Amino acid sequence: MAPLTINSTFKLNSGYEMPLLGFGVYQTPAKVAEECVTEALKAGYRHIDSAAAYRNEGECATAILNASSAPLYIPRSSIFFTSKIPPKSRLGYTATKKQVAKTLEVTNLGYIDLMLIHAPYGGSEARKGAWKALVEAVEEGKIRSIGVSNYGVHHLDELEGHIKELEEERGGKGKGGVISVGQWEIHPWMNRDSIVQWCSKRNVAVQAYCPVVRGERWGEPVVKKLAEKYGVTEAQVLIRWSLQKGYVPLPKSVTPERIRENALVYGFELTQEEVDELTTKEYVSVAWDPTVEPLDK
């Protein structure tokens, strides 16, 4: 395996390349989102993870579009932008079609690199309808890659069934779309082994939000020991763990120094023993966990 760099990518099932390090903007206020994304782009990030529910898609996109001119000169095509379809009452075929159009209008990016279903809430019919709308958006050139977020294995199995149904309903192989990405809360205290195994068998990229556990594990003996050994921050240890596990971490911050620090994870490498030592059997969420919800919810 080639050494990881900030330019390393994952080739998605859609055929597109996704940068392995992303910058998250969950709970980043709209008034500072443009500034934060600009800072991230300066630091070398080329992957921005937003969502309709974050209410900062437009500000993120402004930073992306402005980056194409002086002083950064980063073309839009070099930046991977993700958004998400809101769950619950706004999930379904018609609502998803409307949200895709709204995101394209708000961002003015021309296309969306990746659109995820934010959570599995809404019931089976709504999930199938939302997926169908995303498949159509890919065919129309509005979106390049599609996937899901916060799905349990039972939701993922259901989605495979929906894809087969859509292939039959829409005229054959490939007409049901392809799952390129799944996004979950993943860190050493929330491994999600069964979900990761499901994705690995199908080459579905696994994005990890809350990779630094919202700072709630600072001072953990193993994390602290490795940070001291390599002369890095505890956040950098956890982001490096995520990368070496094969995930796509999405660290977030509104502090310029931390934004830059979180991208400086390529000057050291954990041993396999250290990766294993960091990995626990705990199942502790610091966010939300829709993966456990039943199919009818």
# chains A, B, ... in the order shown; residues from 1 in each chain; ligands from 1

call {"tool": "residues_around", "arguments": {"residues": "stretch 26-41 of chain A", "least_positions_apart": "4", "cutoff": "10 Å", "atoms": "only C-alpha atoms", "output": "PyMOL selection string"}}
result
chain A and resi 22+45-51+53-64+66-67+72+74+79+209-210+250-260+262-263

call {"tool": "residues_around", "arguments": {"residues": "A:Asn13", "least_positions_apart": "5", "cutoff": "8 Å", "atoms": "only C-alpha atoms", "output": "PyMOL selection string"}}
result
chain A and resi 178-180+203-204

call {"tool": "residues_around", "arguments": {"residues": "stretch 278-295 of chain A", "least_positions_apart": "2", "cutoff": "6 Å", "atoms": "only C-alpha atoms", "output": "VMD selection string"}}
result
chain A and resid 150 to 152 188 to 190 275 to 276 297

call {"tool": "write_last_selection", "arguments": {"atoms": "N, CA and C atoms", "output": "mmCIF file, in the first residue's frame"}}
result
data_model
loop_
_atom_site.group_PDB
_atom_site.id
_atom_site.type_symbol
_atom_site.label_atom_id
_atom_site.label_comp_id
_atom_site.auth_asym_id
_atom_site.auth_seq_id
_atom_site.Cartn_x
_atom_site.Cartn_y
_atom_site.Cartn_z
ATOM 1 N N ASN A 150 -25.862 6.750 8.462
ATOM 2 C CA ASN A 150 -26.539 6.270 9.669
ATOM 3 C C ASN A 150 -27.467 5.085 9.435
ATOM 4 N N TYR A 151 -27.230 4.299 8.378
ATOM 5 C CA TYR A 151 -28.017 3.096 8.127
ATOM 6 C C TYR A 151 -27.442 1.933 8.923
ATOM 7 N N GLY A 152 -28.324 1.116 9.510
ATOM 8 C CA GLY A 152 -27.905 -0.140 10.103
ATOM 9 C C GLY A 152 -27.766 -1.196 9.014
ATOM 10 N N PRO A 188 -12.441 4.794 17.893
ATOM 11 C CA PRO A 188 -12.040 3.588 18.632
ATOM 12 C C PRO A 188 -13.053 3.085 19.663
ATOM 13 N N TRP A 189 -14.016 3.932 20.043
ATOM 14 C CA TRP A 189 -15.021 3.510 21.020
ATOM 15 C C TRP A 189 -16.372 3.259 20.366
ATOM 16 N N MET A 190 -16.386 3.233 19.025
ATOM 17 C CA MET A 190 -17.602 2.951 18.253
ATOM 18 C C MET A 190 -17.155 2.408 16.901
ATOM 19 N N VAL A 275 -2.514 0.545 16.299
ATOM 20 C CA VAL A 275 -3.882 0.645 15.785
ATOM 21 C C VAL A 275 -4.791 -0.299 16.571
ATOM 22 N N ASP A 276 -4.320 -1.525 16.781
ATOM 23 C CA ASP A 276 -5.098 -2.513 17.526
ATOM 24 C C ASP A 276 -5.268 -2.111 18.984
ATOM 25 N N LYS A 297 -39.663 2.543 11.189
ATOM 26 C CA LYS A 297 -39.632 3.877 11.812
ATOM 27 C C LYS A 297 -39.239 4.951 10.803
#

call {"tool": "select_by_dssp", "arguments": {"residues": "stretch 103-132 of chain A", "states": "strand (DSSP E or B)", "output": "PyMOL selection string"}}
result
chain A and resi 112-117

call {"tool": "write_last_selection", "arguments": {"atoms": "all heavy atoms", "output": "tab-separated table (two decimals), in the first residue's frame"}}
result
chain	number	residue	atom	x	y	z
A	112	ILE	N	-23.32	18.18	-7.66
A	112	ILE	CA	-22.95	17.79	-6.31
A	112	ILE	C	-22.14	16.50	-6.41
A	112	ILE	O	-22.58	15.54	-7.05
A	112	ILE	CB	-24.20	17.57	-5.43
A	112	ILE	CG1	-25.09	18.80	-5.44
A	112	ILE	CG2	-23.79	17.19	-4.00
A	112	ILE	CD1	-24.44	20.08	-4.98
A	113	ASP	N	-20.95	16.49	-5.80
A	113	ASP	CA	-20.10	15.30	-5.92
A	113	ASP	C	-20.71	14.08	-5.24
A	113	ASP	O	-20.62	12.96	-5.77
A	113	ASP	CB	-18.73	15.59	-5.30
A	113	ASP	CG	-17.97	16.63	-6.08
A	113	ASP	OD1	-17.31	16.27	-7.08
A	113	ASP	OD2	-18.06	17.82	-5.73
A	114	LEU	N	-21.31	14.30	-4.08
A	114	LEU	CA	-21.89	13.18	-3.33
A	114	LEU	C	-23.13	13.66	-2.59
A	114	LEU	O	-23.09	14.67	-1.89
A	114	LEU	CB	-20.86	12.63	-2.32
A	114	LEU	CG	-21.35	11.55	-1.36
A	114	LEU	CD1	-21.71	10.27	-2.10
A	114	LEU	CD2	-20.28	11.27	-0.29
A	115	MET	N	-24.21	12.91	-2.73
A	115	MET	CA	-25.42	13.18	-1.96
A	115	MET	C	-25.79	11.93	-1.19
A	115	MET	O	-25.91	10.83	-1.77
A	115	MET	CB	-26.57	13.61	-2.88
A	115	MET	CG	-27.81	14.07	-2.14
A	115	MET	SD	-27.62	15.68	-1.31
A	115	MET	CE	-28.13	16.81	-2.61
A	116	LEU	N	-25.95	12.10	0.11
A	116	LEU	CA	-26.31	10.99	0.99
A	116	LEU	C	-27.73	11.16	1.52
A	116	LEU	O	-28.20	12.28	1.67
A	116	LEU	CB	-25.36	10.93	2.19
A	116	LEU	CG	-23.86	10.85	1.92
A	116	LEU	CD1	-23.07	10.90	3.23
A	116	LEU	CD2	-23.52	9.57	1.16
A	117	ILE	N	-28.38	10.05	1.82
A	117	ILE	CA	-29.60	10.09	2.61
A	117	ILE	C	-29.14	10.20	4.06
A	117	ILE	O	-28.42	9.33	4.55
A	117	ILE	CB	-30.46	8.84	2.38
A	117	ILE	CG1	-30.93	8.79	0.92
A	117	ILE	CG2	-31.66	8.83	3.33
A	117	ILE	CD1	-31.66	7.50	0.55

call {"tool": "select_by_dssp", "arguments": {"residues": "stretch 31-200 of chain A", "states": "alpha helix (DSSP H)", "output": "PyMOL selection string"}}
result
chain A and resi 31-43+57-66+93-107+124-139+153-170+193-200

call {"tool": "closest_residue", "arguments": {"among": "A:Leu134, A:Leu226, A:Leu65, A:Met18", "to": "A:Thr96", "atoms": "only C-alpha atoms"}}
result
A:Leu134

call {"tool": "closest_residue", "arguments": {"among": "A:Lys201, A:Lys142, A:Arg214, A:His187", "to": "A:Pro249", "atoms": "only C-alpha atoms"}}
result
A:His187

call {"tool": "atom_distance", "arguments": {"atom1": "atom CA of A:Glu216", "atom2": "atom CA of A:Glu234"}}
result
11.1 Å

call {"tool": "residues_around", "arguments": {"residues": "stretch 157-165 of chain A", "least_positions_apart": "4", "cutoff": "9 Å", "atoms": "only C-alpha atoms", "output": "VMD selection string"}}
result
chain A and resid 124 127 to 128 131 to 132 152 to 153 169 to 170 172 to 179 295

call {"tool": "atom_distance", "arguments": {"atom1": "atom CA of A:His155", "atom2": "atom CA of A:Val181"}}
result
14.1 Å

call {"tool": "closest_residue", "arguments": {"among": "A:His118, A:Lys224, A:Lys245, A:Arg240", "to": "A:Asp193", "atoms": "only C-alpha atoms"}}
result
A:Lys245
